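Q: Have a look at this one.
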Amino acid sequence: MRFAVLASGSSGNATVVEAGGTSILIDCGLSVKRLAQRASVLDFDLSTLDAILVTHEHGDHVGGVGPLARRYGTPVYMTHGTQTAAGFDAERGIEVNEISPHEVFAIGSLTLKPSPVPHDAREPCQFVIESGPKRLGVLTDLGHDTRYIQQHFADCCALVLEFNHDIGLLFECEYPESVKERIAGPLGHFNNDQASGLLQQLKSTRLRYVLGAHVSARANRIDLVRRLLAEVLQDSETRWDVAEQDSATPWYAV
Ligand SMILES: [Zn+2]
Ligand SMILES: [Zn+2]
């Protein structure tokens with residue numbers, strides 16, 4: 001299995017996962033043109049995608065899904081709530097497959113294990129993706145974690161984990177108060193302390209890579225996230241990096 005994050009942050013998210021001849025994209029919050037530029041850097045052909053999974057209806061996750069799906073005839077998978085909230089009922093020429101956030105499903109050689117997450121969307125979910133013994137967790141856009149989430153994302157070989165904001169920087173930045181409350185709230189985004197705490201619990205000898213993700217441009221700093229990842233993972237063999245908004249990561253082999 002291999003994966004790469006093509007974009008990460010509040011202006012657009014997309015992660016590609018490939019194993020055993022099957023490839024999927026999780027979210028597409030950027031234009032097809034931008035996505036294609038990033039994909040070409042990775043030597044990845046978007047027309048070969050077997051599916052687009054949508055975690056929830058926020059624009060930074062769903063904005064480019066319709067155009068991409070129409071361009072290549074790619075089937076889309078999302079929960080009923082996401083489908084309704086994103087207006088995909090009315091989309092023509094797109095194959096939409098409704099998934100349950102509680103039920104495991106398969107796409108080609110990949111097994112998808114969704115987990116509901118506390119976030120201010122209609123029916124949001126995040127995913128563990130498996131192929132044989134390989135196991136990747138993608139977990140962003142959650143206001144807090146739960147015991148179920150801790151269990152669901154345990155034993156991963158690689159994790160893409162939200163480090164959205166630093167509480168201090170969030171309340172200092174120029175966002176309106178209502179936006180700050182939303183981001184910091186229980187249905188908002190994971191802050192650096194929450195992410196470090198969860199990572200401390202999830203780290204294991206199986207975990208090869210951690211990618212810090214969905215880092216806020218205004219309420220966080222890449223160097224802060226790097227420092228935290230280095231701290232939490234200092235006594236382990238796990239490698240780590242931070243996914244950014246304006247460039248794709250390299251491929252990571254799981
Ligand atoms: Zn988001
Ligand atoms: Zn969101």
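Labels for the structure tokens follow display order: chains A, B, ..., residues from 1 in each chain, ligands from 1.
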Give me, as number ranges by chain, the residues of range 47-122 of chain A that a backbone DSSP run labels helix (DSSP H, G or I).
A: A: 47-48, 59-62, 65-72, 80-85
Q: How would the residues just chosen look if you wrote them out with all heavy atoms as a CSV table (one decimal), in the first residue's frame?
A:
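Result saved to again.csv:
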chain,number,residue,atom,x,y,z
A,47,SER,N,-7.3,9.6,-13.9
A,47,SER,CA,-8.3,8.8,-14.6
A,47,SER,C,-8.4,7.4,-14.2
A,47,SER,O,-9.3,6.6,-14.5
A,47,SER,CB,-8.1,8.9,-16.2
A,47,SER,OG,-7.0,8.1,-16.5
A,48,THR,N,-7.3,6.9,-13.5
A,48,THR,CA,-7.3,5.5,-13.0
A,48,THR,C,-7.9,5.4,-11.6
A,48,THR,O,-8.0,4.3,-11.1
A,48,THR,CB,-5.8,5.0,-12.9
A,48,THR,OG1,-5.1,5.8,-11.9
A,48,THR,CG2,-5.1,5.2,-14.2
A,59,GLY,N,-16.7,22.6,2.2
A,59,GLY,CA,-16.1,22.9,0.8
A,59,GLY,C,-14.7,22.4,0.7
A,59,GLY,O,-14.3,22.1,-0.4
A,60,ASP,N,-13.9,22.5,1.8
A,60,ASP,CA,-12.5,22.1,1.6
A,60,ASP,C,-12.3,20.5,1.4
A,60,ASP,O,-11.2,20.1,1.2
A,60,ASP,CB,-11.7,22.6,2.9
A,60,ASP,CG,-12.2,22.1,4.2
A,60,ASP,OD1,-13.4,22.0,4.4
A,60,ASP,OD2,-11.4,21.8,5.1
A,61,HIS,N,-13.5,19.8,1.5
A,61,HIS,CA,-13.4,18.4,1.2
A,61,HIS,C,-14.2,17.9,0.0
A,61,HIS,O,-13.9,16.9,-0.6
A,61,HIS,CB,-14.0,17.6,2.5
A,61,HIS,CG,-13.1,17.9,3.7
A,61,HIS,ND1,-12.1,17.0,4.1
A,61,HIS,CD2,-13.1,19.0,4.5
A,61,HIS,CE1,-11.5,17.6,5.1
A,61,HIS,NE2,-12.0,18.8,5.4
A,62,VAL,N,-15.3,18.7,-0.3
A,62,VAL,CA,-16.2,18.3,-1.4
A,62,VAL,C,-16.1,19.2,-2.6
A,62,VAL,O,-16.6,18.8,-3.7
A,62,VAL,CB,-17.6,18.2,-0.8
A,62,VAL,CG1,-18.3,19.5,-0.7
A,62,VAL,CG2,-18.4,17.2,-1.6
A,65,VAL,N,-15.2,17.6,-5.9
A,65,VAL,CA,-15.6,16.2,-6.1
A,65,VAL,C,-16.5,16.1,-7.4
A,65,VAL,O,-16.3,15.2,-8.2
A,65,VAL,CB,-16.4,15.7,-4.9
A,65,VAL,CG1,-17.0,14.3,-5.2
A,65,VAL,CG2,-15.4,15.5,-3.7
A,66,GLY,N,-17.5,17.0,-7.5
A,66,GLY,CA,-18.4,16.9,-8.7
A,66,GLY,C,-17.6,17.0,-10.0
A,66,GLY,O,-17.7,16.1,-10.9
A,67,PRO,N,-16.8,18.1,-10.2
A,67,PRO,CA,-16.1,18.2,-11.5
A,67,PRO,C,-15.1,17.0,-11.7
A,67,PRO,O,-15.1,16.5,-12.9
A,67,PRO,CB,-15.3,19.5,-11.3
A,67,PRO,CG,-16.1,20.3,-10.3
A,67,PRO,CD,-16.7,19.3,-9.4
A,68,LEU,N,-14.5,16.5,-10.7
A,68,LEU,CA,-13.6,15.4,-10.9
A,68,LEU,C,-14.3,14.1,-11.3
A,68,LEU,O,-13.9,13.4,-12.2
A,68,LEU,CB,-12.7,15.1,-9.6
A,68,LEU,CG,-11.7,14.0,-9.7
A,68,LEU,CD1,-10.6,14.4,-10.6
A,68,LEU,CD2,-11.1,13.7,-8.3
A,69,ALA,N,-15.4,13.9,-10.6
A,69,ALA,CA,-16.2,12.7,-10.8
A,69,ALA,C,-16.8,12.7,-12.2
A,69,ALA,O,-16.8,11.7,-12.9
A,69,ALA,CB,-17.3,12.5,-9.8
A,70,ARG,N,-17.2,13.9,-12.7
A,70,ARG,CA,-17.8,14.0,-14.0
A,70,ARG,C,-16.7,13.9,-15.1
A,70,ARG,O,-16.9,13.2,-16.1
A,70,ARG,CB,-18.5,15.3,-14.2
A,70,ARG,CG,-20.0,15.2,-13.9
A,70,ARG,CD,-20.7,16.5,-14.3
A,70,ARG,NE,-20.3,17.6,-13.6
A,70,ARG,CZ,-20.8,18.0,-12.4
A,70,ARG,NH1,-21.9,17.4,-11.9
A,70,ARG,NH2,-20.3,19.0,-11.7
A,71,ARG,N,-15.6,14.4,-14.8
A,71,ARG,CA,-14.5,14.4,-15.8
A,71,ARG,C,-14.1,12.9,-16.1
A,71,ARG,O,-13.9,12.6,-17.3
A,71,ARG,CB,-13.3,15.2,-15.3
A,71,ARG,CG,-12.0,15.0,-16.0
A,71,ARG,CD,-11.8,16.0,-17.2
A,71,ARG,NE,-11.9,17.3,-16.8
A,71,ARG,CZ,-10.9,18.2,-16.5
A,71,ARG,NH1,-9.7,17.7,-16.6
A,71,ARG,NH2,-11.1,19.4,-16.1
A,72,TYR,N,-14.0,12.1,-15.1
A,72,TYR,CA,-13.5,10.8,-15.4
A,72,TYR,C,-14.5,9.7,-15.1
A,72,TYR,O,-14.2,8.5,-15.2
A,72,TYR,CB,-12.2,10.5,-14.5
A,72,TYR,CG,-11.1,11.4,-14.7
A,72,TYR,CD1,-10.7,12.4,-13.8
A,72,TYR,CD2,-10.4,11.4,-16.0
A,72,TYR,CE1,-9.7,13.3,-14.0
A,72,TYR,CE2,-9.4,12.2,-16.2
A,72,TYR,CZ,-9.0,13.2,-15.3
A,72,TYR,OH,-8.0,14.1,-15.5
A,80,HIS,N,-25.4,9.2,3.7
A,80,HIS,CA,-26.6,9.8,3.3
A,80,HIS,C,-26.7,11.3,3.7
A,80,HIS,O,-27.0,12.2,2.9
A,80,HIS,CB,-27.8,9.1,3.9
A,80,HIS,CG,-29.1,9.7,3.5
A,80,HIS,ND1,-29.8,9.5,2.3
A,80,HIS,CD2,-29.9,10.6,4.2
A,80,HIS,CE1,-30.9,10.1,2.2
A,80,HIS,NE2,-31.0,10.8,3.4
A,81,GLY,N,-26.2,11.6,4.9
A,81,GLY,CA,-26.2,12.9,5.4
A,81,GLY,C,-25.3,13.8,4.6
A,81,GLY,O,-25.7,15.0,4.2
A,82,THR,N,-24.1,13.3,4.2
A,82,THR,CA,-23.2,14.1,3.4
A,82,THR,C,-23.8,14.4,2.0
A,82,THR,O,-23.7,15.5,1.5
A,82,THR,CB,-21.8,13.4,3.3
A,82,THR,OG1,-21.3,13.3,4.6
A,82,THR,CG2,-20.8,14.2,2.5
A,83,GLN,N,-24.4,13.3,1.5
A,83,GLN,CA,-25.0,13.4,0.1
A,83,GLN,C,-26.1,14.5,0.1
A,83,GLN,O,-26.1,15.3,-0.8
A,83,GLN,CB,-25.6,12.0,-0.2
A,83,GLN,CG,-26.1,11.9,-1.6
A,83,GLN,CD,-26.6,10.5,-1.8
A,83,GLN,OE1,-26.3,9.5,-1.1
A,83,GLN,NE2,-27.5,10.3,-2.8
A,84,THR,N,-26.9,14.5,1.1
A,84,THR,CA,-28.0,15.4,1.2
A,84,THR,C,-27.4,16.9,1.4
A,84,THR,O,-27.8,17.8,0.7
A,84,THR,CB,-28.9,15.1,2.4
A,84,THR,OG1,-29.3,13.7,2.2
A,84,THR,CG2,-30.2,16.0,2.4
A,85,ALA,N,-26.5,17.0,2.4
A,85,ALA,CA,-26.0,18.3,2.7
A,85,ALA,C,-25.2,18.9,1.6
A,85,ALA,O,-25.1,20.1,1.4
A,85,ALA,CB,-25.2,18.2,4.0
Q: Residues of chain A that have any atom at most 10 Å from an atom of ligand 1: could you tabulate them with the shortest-distance atom pair and the distance in Å to one decimal, using only C-alpha atoms and all ligand atoms, ordered by chain and increasing number, as a tab-separated table?
A:
residue	atom	partner	partner_atom_place_in_ligand_line	distance
A:Ser8	CA	ligand 1	1 (Zn)	8.3
A:Gly9	CA	ligand 1	1 (Zn)	6.5
A:Ser10	CA	ligand 1	1 (Zn)	5.4
A:Ser11	CA	ligand 1	1 (Zn)	8.1
A:Gly12	CA	ligand 1	1 (Zn)	7.3
A:Asn13	CA	ligand 1	1 (Zn)	7.0
A:Asp27	CA	ligand 1	1 (Zn)	9.5
A:Gly29	CA	ligand 1	1 (Zn)	8.7
A:Thr55	CA	ligand 1	1 (Zn)	9.2
A:His56	CA	ligand 1	1 (Zn)	8.4
A:Glu57	CA	ligand 1	1 (Zn)	9.2
A:His58	CA	ligand 1	1 (Zn)	6.5
A:Gly59	CA	ligand 1	1 (Zn)	7.7
A:Asp60	CA	ligand 1	1 (Zn)	5.4
A:His61	CA	ligand 1	1 (Zn)	6.1
A:Val62	CA	ligand 1	1 (Zn)	9.5
A:His119	CA	ligand 1	1 (Zn)	9.6
A:Thr140	CA	ligand 1	1 (Zn)	7.0
A:Asp141	CA	ligand 1	1 (Zn)	5.3
A:Leu142	CA	ligand 1	1 (Zn)	9.0
A:Glu162	CA	ligand 1	1 (Zn)	9.3
A:Asn164	CA	ligand 1	1 (Zn)	9.2
A:Gly188	CA	ligand 1	1 (Zn)	9.5
A:His189	CA	ligand 1	1 (Zn)	8.2
A:Ala213	CA	ligand 1	1 (Zn)	9.9
A:His214	CA	ligand 1	1 (Zn)	6.7
A:Val215	CA	ligand 1	1 (Zn)	9.7
A:Ser216	CA	ligand 1	1 (Zn)	9.8
Q: How far is it from CA of Phe44 in chain A to atom 1 (Zn, counted along the ligand's line) of ligand 2, in Å with one decimal?
A: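 About the pair CA of Phe44 in chain A and atom 1 (Zn, counted along the ligand's line) of ligand 2: they are 26.1 Å apart.
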Q: Run DSSP on the backbone of this structure and report the residues of range 11-222 of chain A it assigns to strand (DSSP E), as a PyMOL selection string.
A: chain A and resi 14-19+22-26+51-53+76-79+96-99+105-107+110-116+125-131+134-139+158-162+209-213
Q: Excluding Cys156 in chain A and its own-chain neighbours fewer than 4 positions away, which residues fall within 6 Å of it when counting only C-alpha atoms? Please give them as a PyMOL selection string.
A: chain A and resi 135-136+207
Q: Can you write out the residues you just picked, keeping C-alpha atoms, as a PDB file, in the first residue's frame?
A:
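File written: out_38.pdb
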ATOM      1  CA  ARG A 135      -3.587  -0.368   7.717  1.00  0.00           C
ATOM      2  CA  LEU A 136      -3.770   3.399   7.160  1.00  0.00           C
ATOM      3  CA  LEU A 207       3.289   2.701  13.249  1.00  0.00           C
TER       4      LEU A 207
END
Q: Pick out the residues sitting within 12 Å of Gln234 in chain A, and hand them over as a list in words; count only C-alpha atoms, and ignore anything fewer than 6 positions along from it in its own chain.
A: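 Contacts, with the query itself left out: Gln200, Lys203, Arg226, Arg227, Leu228 and Trp240 of chain A.
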Q: Hey, what's within 12 Å of Pro250 in chain A if we count only C-alpha atoms and toss same-chain stuff fewer than 4 positions away? As number ranges by chain, please?
A: A: 2-7, 15-16, 38-44, 211, 241-244
Q: Only N, CA and C atoms, please: the residues just picked out, written as a compact mmCIF listing (two decimals), in the first residue's frame.
A:
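Listing of selection.txt after writing:
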# COMPACT_ATOMS: atom_id res chain seq x y z
N ARG A 2 0.41 2.26 -0.74
CA ARG A 2 1.10 3.54 -0.64
C ARG A 2 0.06 4.66 -0.64
N PHE A 3 0.46 5.80 -0.08
CA PHE A 3 -0.47 6.93 -0.04
C PHE A 3 0.32 8.23 -0.15
N ALA A 4 -0.41 9.28 -0.54
CA ALA A 4 0.18 10.62 -0.59
C ALA A 4 -0.93 11.62 -0.32
N VAL A 5 -0.58 12.70 0.34
CA VAL A 5 -1.54 13.78 0.57
C VAL A 5 -1.27 14.86 -0.47
N LEU A 6 -2.28 15.12 -1.31
CA LEU A 6 -2.12 16.07 -2.41
C LEU A 6 -2.33 17.51 -1.96
N ALA A 7 -3.12 17.69 -0.91
CA ALA A 7 -3.36 19.01 -0.33
C ALA A 7 -3.97 18.80 1.04
N THR A 15 -6.41 13.12 -0.43
CA THR A 15 -5.42 12.07 -0.11
C THR A 15 -5.65 10.91 -1.06
N VAL A 16 -4.58 10.43 -1.68
CA VAL A 16 -4.71 9.29 -2.58
C VAL A 16 -4.11 8.05 -1.91
N ARG A 38 -0.83 18.50 -8.94
CA ARG A 38 -0.22 17.76 -7.81
C ARG A 38 -0.04 16.29 -8.17
N ALA A 39 -1.06 15.73 -8.84
CA ALA A 39 -1.00 14.31 -9.20
C ALA A 39 0.15 14.04 -10.16
N SER A 40 0.39 14.99 -11.07
CA SER A 40 1.45 14.77 -12.06
C SER A 40 2.83 14.77 -11.39
N VAL A 41 2.97 15.55 -10.31
CA VAL A 41 4.23 15.53 -9.56
C VAL A 41 4.49 14.12 -9.00
N LEU A 42 3.39 13.45 -8.65
CA LEU A 42 3.50 12.10 -8.08
C LEU A 42 3.45 11.02 -9.16
N ASP A 43 3.37 11.47 -10.43
CA ASP A 43 3.26 10.54 -11.54
C ASP A 43 2.01 9.66 -11.38
N PHE A 44 0.94 10.27 -10.93
CA PHE A 44 -0.31 9.53 -10.72
C PHE A 44 -1.36 10.03 -11.71
N LEU A 211 1.62 11.65 9.55
CA LEU A 211 1.61 12.93 8.84
C LEU A 211 0.69 13.88 9.59
N ASP A 241 6.07 13.62 9.23
CA ASP A 241 6.20 14.85 8.44
C ASP A 241 4.90 15.63 8.59
N VAL A 242 4.84 16.77 7.97
CA VAL A 242 3.62 17.58 8.04
C VAL A 242 3.13 17.85 6.62
N ALA A 243 1.87 17.51 6.35
CA ALA A 243 1.27 17.78 5.03
C ALA A 243 0.92 19.25 4.94
N GLU A 244 1.12 19.83 3.76
CA GLU A 244 0.88 21.26 3.63
C GLU A 244 -0.19 21.58 2.59
Q: Show me, as a ChimeraX atom specification, the residues that have an atom within 8 Å of Glu18 in chain A when counting only C-alpha atoms, minus same-chain residues fewer than 3 positions from it.
A: /A:1-3,21-24
Q: Can you write out the residues you just picked, keeping N, CA and C atoms, as a PDB file, in the first residue's frame?
A:
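Below you can see out-v5.pdb, which holds the result:
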ATOM      1  N   MET A   1       0.854  -1.198   0.000  1.00  0.00           N
ATOM      2  CA  MET A   1       0.000   0.000   0.000  1.00  0.00           C
ATOM      3  C   MET A   1       0.884   1.241   0.000  1.00  0.00           C
ATOM      4  N   ARG A   2       0.406   2.263  -0.739  1.00  0.00           N
ATOM      5  CA  ARG A   2       1.101   3.544  -0.639  1.00  0.00           C
ATOM      6  C   ARG A   2       0.063   4.664  -0.637  1.00  0.00           C
ATOM      7  N   PHE A   3       0.461   5.804  -0.078  1.00  0.00           N
ATOM      8  CA  PHE A   3      -0.468   6.929  -0.038  1.00  0.00           C
ATOM      9  C   PHE A   3       0.320   8.231  -0.153  1.00  0.00           C
ATOM     10  N   GLY A  21      -3.594  -2.679  -7.119  1.00  0.00           N
ATOM     11  CA  GLY A  21      -4.265  -2.292  -8.363  1.00  0.00           C
ATOM     12  C   GLY A  21      -5.510  -1.444  -8.166  1.00  0.00           C
ATOM     13  N   THR A  22      -5.850  -1.114  -6.911  1.00  0.00           N
ATOM     14  CA  THR A  22      -7.003  -0.238  -6.645  1.00  0.00           C
ATOM     15  C   THR A  22      -6.493   1.096  -6.127  1.00  0.00           C
ATOM     16  N   SER A  23      -7.069   2.186  -6.604  1.00  0.00           N
ATOM     17  CA  SER A  23      -6.693   3.494  -6.043  1.00  0.00           C
ATOM     18  C   SER A  23      -7.942   4.312  -5.748  1.00  0.00           C
ATOM     19  N   ILE A  24      -7.899   5.007  -4.629  1.00  0.00           N
ATOM     20  CA  ILE A  24      -9.025   5.853  -4.232  1.00  0.00           C
ATOM     21  C   ILE A  24      -8.508   7.224  -3.820  1.00  0.00           C
TER      22      ILE A  24
END
Q: Using only C-alpha atoms, which of A:Thr146, A:Gln245, A:Thr79, A:Thr111 sits nearest Glu98 in chain A?
A: A:Thr79
Q: Got a sec: who's within 10 Å of Gln150 in chain A, counting only C-alpha atoms, leaving out chain neighbours fewer than 4 positions off, as number ranges by chain?
A: A: 145-146, 154, 198-199, 201-202
Q: Now that the selection is made, can you save its residues with C-alpha atoms as a PDB file, in the first residue's frame?
A:
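That gives us selection-v2.pdb:
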ATOM      1  CA  ASP A 145     -11.880  12.179  20.222  1.00  0.00           C
ATOM      2  CA  THR A 146     -13.879   9.421  21.833  1.00  0.00           C
ATOM      3  CA  ALA A 154      -5.416   1.781  16.914  1.00  0.00           C
ATOM      4  CA  LEU A 198      -4.231  10.931  20.845  1.00  0.00           C
ATOM      5  CA  LEU A 199      -0.945  10.191  19.073  1.00  0.00           C
ATOM      6  CA  GLN A 201      -2.071   6.696  22.812  1.00  0.00           C
ATOM      7  CA  LEU A 202      -1.971   5.422  19.231  1.00  0.00           C
TER       8      LEU A 202
END
Q: Would you please work out which residue, of A:Ala86, A:Leu35, A:Val210, A:Ala121, is nearest to ligand 2 when using only C-alpha atoms and all ligand atoms?
A: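 The answer is A:Ala121, which sits nearest to ligand 2.
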Q: Between A:Arg206, A:Arg221, A:Arg239, A:Arg122, which one has atoms that come closest to ligand 2, using only C-alpha atoms and all ligand atoms?
A: A:Arg122
Q: From the options A:Ser115, A:Gln126, A:Gln37, A:Gln194, which residue's atoms come nearest to ligand 2, counting only C-alpha atoms and all ligand atoms?
A: A:Gln126
Q: Tell me, in Å to one decimal, how far CA of Ser131 in chain A is from CA of Ser196 in chain A.
A: 26.8 Å
Q: Considering only C-alpha atoms and all ligand atoms, can you say which of A:Leu169, A:Ile183, A:Val96, A:Ala253 comes closest to ligand 2?
A: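 Using only C-alpha atoms and all ligand atoms, the shortest distance to ligand 2 belongs to A:Ile183.
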Q: Kindly indicate which residue among A:Ile222, A:Ala19, A:Ala195, A:Ile52 lies nearest to Ser109 in chain A, using only C-alpha atoms for the distances.
A: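 Of A:Ile222, A:Ala19, A:Ala195, A:Ile52, the one nearest Ser109 in chain A, counting only C-alpha atoms, is A:Ala19.
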